[in-house]
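Written below as structure tokens is the structure these notes are about.
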Amino acid sequence: MDAMDYRGPNRVRVARKPVPTIQHPQDAIVRVTRSCICGSDIHLYHGLVPDTRVGSTFGHEFCGVVEEVGAEVENLKPGDHVIVPFNIACGQCHFCQQGLFGNCHESNPMATAVGGIFGYSHTAGGHQGGQAQYARVPYADVGPVKIPDWMDLDDAVLLTDVVPTGYQAAEMAGIQKGDTVVIFGAGPIGIMAARSAWLFGAGRVIVVDHLDYRLEFVARFGPAEVYNFKEIDDMAVFMKRQTDGLGADVCIDAVGCEATGSALHTLLGIHLKLESGSALALHWAINSVKKGGVVSIVGVYGPTGNMIPVGNIVNKGLTIRANQASVKRHLPRLIEHVREGRIRPRELITHRFELRDISDAYRIFAGRLDNIIKPVLLPNG
Amino acid sequence: MAPDHTRLPARRTGLADPSSIPGWGVDAETRNDPTWPMRDRADSPGADWPHPVPQQGGAEVLQSVEYKARPAVYGLGPQPRGLSGAMRRAAFRFSESNWWHWLLLLGADRVDMVEGIGSDLATGRVPNLPAETGMAAAWKHDARGQVLKWGAIAAGIAVVVMARNRRRRA
């Protein structure tokens, strides 16, 4: 089969690889019909995630048709078209039983801090991803959900990560009716967090980024007040002036470890790798939220350390909440939101690529070129 | 030297019985739970859930020393190889809490990249770096940025060459 093939930082190509086979009685093999490149794939592409091995296939956002199932799979059969959550979850362990499907203890021998994730380095279990014609899906009875007949495939593929992660960002923020919510990052996750904040009762939603075309999109899609941080001298002062001098009730970090805007963080984190990328958005979130407020983190960071103002977290009495989205837990509600038209995920898709154009797709998305918001791959045409 | 994870300090006190502590739990408030609804303590199976059957196969799985038992499934991504593989094996002697673990893995990733070029060449394939880095797309959508980037690189090289030449002449 054809599959994306990582060759080192900023280098990817298409390679011929063996079609995956059943390795465990709870496996399924899925023929991929839609697959996305995620903003967090760009951290892999840039070589920022440890144990990203040459020859890996990325891709944790995909849906597809079940081709084969293992002996213990009962809920799926060949021909079922399924949404495949990005996290691999056994459904039985201490964490899955508590709804923490992003923290499964039975899917990643390489690290305890994160459950298995498709195509996200050996630090996340070494599972090959869905930017390929076929993918092996462990614990097929637990994660995958059949796509309803009425659902568009473009909506379905965005329910594997983008929508639930944005939704969980708003959920973890504990938004109360009337709250002012500030979201750092107008990528697909930030856009979905803005939309979701209204579903939880926000009274005001503000989004900050430096790319005007994305700010224009979220201003309409969210909707949201938007600000370009290049026009702001001091983020904390600006946000306090926007919020009666107190700060926002909630700040959401939807950027993660490649935040632009600070030469110091870029030098230390991106170039010298002395911290786990650049945590500027998190820094701003901590300093822009009000005392006693909540900072919700869904931006992806590496496993080492970052420079953030911990003292301010203590002195302001902040609650920090963070996790990989528990996709399976959210899917029933999110499918309902899509059906009722409260969320229209496919509007995020701006680009479509054949798998053979994977190198260009990564370059365009990583460089934020051609006004790209969300690229979708069509691995089987 | 990697730490010996089998060596544990002796427990210095006995386990306390909570019910013997005056006032234990009198201020417990279930609504004061910032983990809700991420975590439902009522359904916690403790550490004794029915483990899935383990995945079979001969793949080399580098396992975190923080696990008590191996998780049932794992990915079949690229296996450790060569020098980078040796570095990865060394990294897994340290816990995820130890910086050596991650620094060795990041170092192994860079070595792996070079080994990847070597294995390409060994099979008669010359890596097409312009294509693999999406150079055509970058020129198509960001010609100005490319001109600036490559201009800056060329200028940097020119400055270094000129400085060397001047030093030689002096």
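So you can find residues: chains in the structure tokens are A, B, ... in the order shown, residues in each start at 1, and ligands are numbered from 1 in order.
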
message = Taking only C-alpha atoms into account and nothing else, which residues of chain B lie no more than 8 Å away from chain A? Please answer as an NGL selection string.
response = :B and (38-41 or 43-52 or 54-57 or 61-64 or 66-67 or 70-78 or 88 or 96 or 99 or 102-103 or 105-106 or 108-110 or 112-113 or 116 or 129 or 131-138 or 141-142)

As a compact mmCIF listing (two decimals) with N, CA and C atoms, in the first residue's frame, please: all residues of range 79-214 of chain A that backbone DSSP puts in strand (DSSP E).
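Below is the file that was written, result.txt:
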```
# COMPACT_ATOMS: atom_id res chain seq x y z
N HIS A 81 -18.44 1.65 8.07
CA HIS A 81 -17.65 2.87 7.88
C HIS A 81 -17.55 3.56 9.24
N VAL A 82 -16.35 3.77 9.72
CA VAL A 82 -16.20 4.19 11.11
C VAL A 82 -15.35 5.46 11.28
N ILE A 83 -15.72 6.21 12.32
CA ILE A 83 -14.88 7.28 12.85
C ILE A 83 -13.88 6.59 13.78
N VAL A 84 -12.58 6.87 13.62
CA VAL A 84 -11.57 6.25 14.49
C VAL A 84 -10.98 7.32 15.41
N ASN A 87 -7.14 8.52 19.93
CA ASN A 87 -6.51 7.77 21.01
C ASN A 87 -6.91 6.29 20.97
N ILE A 88 -5.96 5.45 21.32
CA ILE A 88 -6.19 4.00 21.33
C ILE A 88 -6.48 3.61 22.77
N GLY A 116 -1.83 5.25 23.95
CA GLY A 116 -1.45 5.07 22.55
C GLY A 116 -2.18 6.05 21.66
N ILE A 117 -1.46 6.58 20.69
CA ILE A 117 -2.04 7.48 19.69
C ILE A 117 -1.57 7.00 18.32
N TYR A 134 -4.24 1.98 4.34
CA TYR A 134 -4.83 1.09 5.34
C TYR A 134 -4.19 1.36 6.70
N ALA A 135 -4.94 1.06 7.75
CA ALA A 135 -4.40 1.22 9.11
C ALA A 135 -4.89 0.09 10.00
N ARG A 136 -4.02 -0.30 10.91
CA ARG A 136 -4.41 -1.27 11.94
C ARG A 136 -5.01 -0.50 13.12
N VAL A 137 -6.19 -0.94 13.57
CA VAL A 137 -6.88 -0.25 14.66
C VAL A 137 -7.03 -1.22 15.84
N VAL A 145 -16.48 4.35 16.07
CA VAL A 145 -17.93 4.56 16.10
C VAL A 145 -18.42 4.57 14.65
N LYS A 146 -19.52 3.85 14.39
CA LYS A 146 -20.05 3.82 13.03
C LYS A 146 -20.55 5.20 12.62
N THR A 180 -16.22 35.35 30.43
CA THR A 180 -15.37 35.80 29.33
C THR A 180 -14.29 34.76 29.09
N VAL A 181 -14.22 34.29 27.85
CA VAL A 181 -13.28 33.21 27.50
C VAL A 181 -12.29 33.75 26.47
N VAL A 182 -10.99 33.63 26.77
CA VAL A 182 -9.96 34.03 25.83
C VAL A 182 -9.28 32.77 25.30
N ILE A 183 -9.19 32.66 23.99
CA ILE A 183 -8.57 31.49 23.38
C ILE A 183 -7.32 31.94 22.63
N PHE A 184 -6.19 31.36 22.97
CA PHE A 184 -4.95 31.66 22.26
C PHE A 184 -4.78 30.61 21.17
N ARG A 204 -18.77 35.98 26.39
CA ARG A 204 -17.90 36.72 25.48
C ARG A 204 -16.75 35.80 25.09
N VAL A 205 -16.44 35.74 23.81
CA VAL A 205 -15.36 34.87 23.34
C VAL A 205 -14.36 35.70 22.55
N ILE A 206 -13.11 35.65 22.97
CA ILE A 206 -12.04 36.41 22.34
C ILE A 206 -10.99 35.42 21.82
N VAL A 207 -10.53 35.61 20.59
CA VAL A 207 -9.49 34.73 20.04
C VAL A 207 -8.30 35.57 19.61
N VAL A 208 -7.10 35.07 19.94
CA VAL A 208 -5.84 35.77 19.64
C VAL A 208 -4.97 34.90 18.74
N ASP A 209 -4.43 35.48 17.71
CA ASP A 209 -3.50 34.78 16.82
C ASP A 209 -2.69 35.86 16.10
```

request  = Find the residues around Val162 in chain A up to 9 Å (only C-alpha atoms counted), leave out those fewer than 2 positions away in its own chain, and share them as a PyMOL selection string.
outcome  = chain A and resi 38+61+157-160+164-167+188-189+192+345

Selection from above, N, CA and C atoms, as a compact mmCIF listing (two decimals), in the first residue's frame, can you write it?
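Listed below is the output, selection-v6.txt:
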```txt
# COMPACT_ATOMS: atom_id res chain seq x y z
N CYS A 38 -2.83 17.10 11.14
CA CYS A 38 -3.18 17.88 12.32
C CYS A 38 -2.05 18.87 12.62
N GLU A 61 -5.83 11.36 12.63
CA GLU A 61 -7.21 11.78 12.36
C GLU A 61 -7.65 11.07 11.08
N VAL A 157 -14.58 12.89 9.68
CA VAL A 157 -13.14 12.82 9.94
C VAL A 157 -12.71 13.89 10.94
N LEU A 158 -13.44 14.98 11.01
CA LEU A 158 -13.06 16.02 11.97
C LEU A 158 -13.56 15.70 13.38
N LEU A 159 -14.39 14.66 13.49
CA LEU A 159 -14.82 14.22 14.83
C LEU A 159 -13.79 13.30 15.48
N THR A 160 -12.72 12.97 14.76
CA THR A 160 -11.71 12.08 15.34
C THR A 160 -10.77 12.82 16.29
N PRO A 164 -13.65 17.17 19.04
CA PRO A 164 -13.61 16.81 20.46
C PRO A 164 -12.53 17.53 21.25
N THR A 165 -11.39 17.80 20.64
CA THR A 165 -10.34 18.49 21.39
C THR A 165 -10.75 19.94 21.68
N GLY A 166 -11.31 20.62 20.68
CA GLY A 166 -11.81 21.97 20.93
C GLY A 166 -12.93 21.98 21.95
N TYR A 167 -13.80 20.98 21.85
CA TYR A 167 -14.93 20.88 22.78
C TYR A 167 -14.44 20.62 24.21
N PRO A 188 -7.38 25.13 13.78
CA PRO A 188 -8.64 24.37 13.83
C PRO A 188 -9.12 24.10 15.27
N ILE A 189 -8.19 23.79 16.18
CA ILE A 189 -8.60 23.50 17.56
C ILE A 189 -9.11 24.77 18.24
N MET A 192 -12.54 25.58 16.98
CA MET A 192 -13.57 24.72 17.58
C MET A 192 -13.78 25.03 19.06
N PRO A 345 -18.41 21.13 11.22
CA PRO A 345 -16.95 20.92 11.16
C PRO A 345 -16.38 21.09 9.76
```

DSSP alpha helix (DSSP H) selection over range 98-148 of chain B, as JSON, numbers by chain = {"B": [99, 100, 101, 102, 103, 104, 105, 106, 107, 108, 109, 110, 111, 112, 113, 114, 115, 116, 117, 118, 119, 120, 121, 122, 129, 130, 131, 132, 135, 136, 137, 138, 139, 140, 141, 143, 144, 145, 146, 147, 148]}
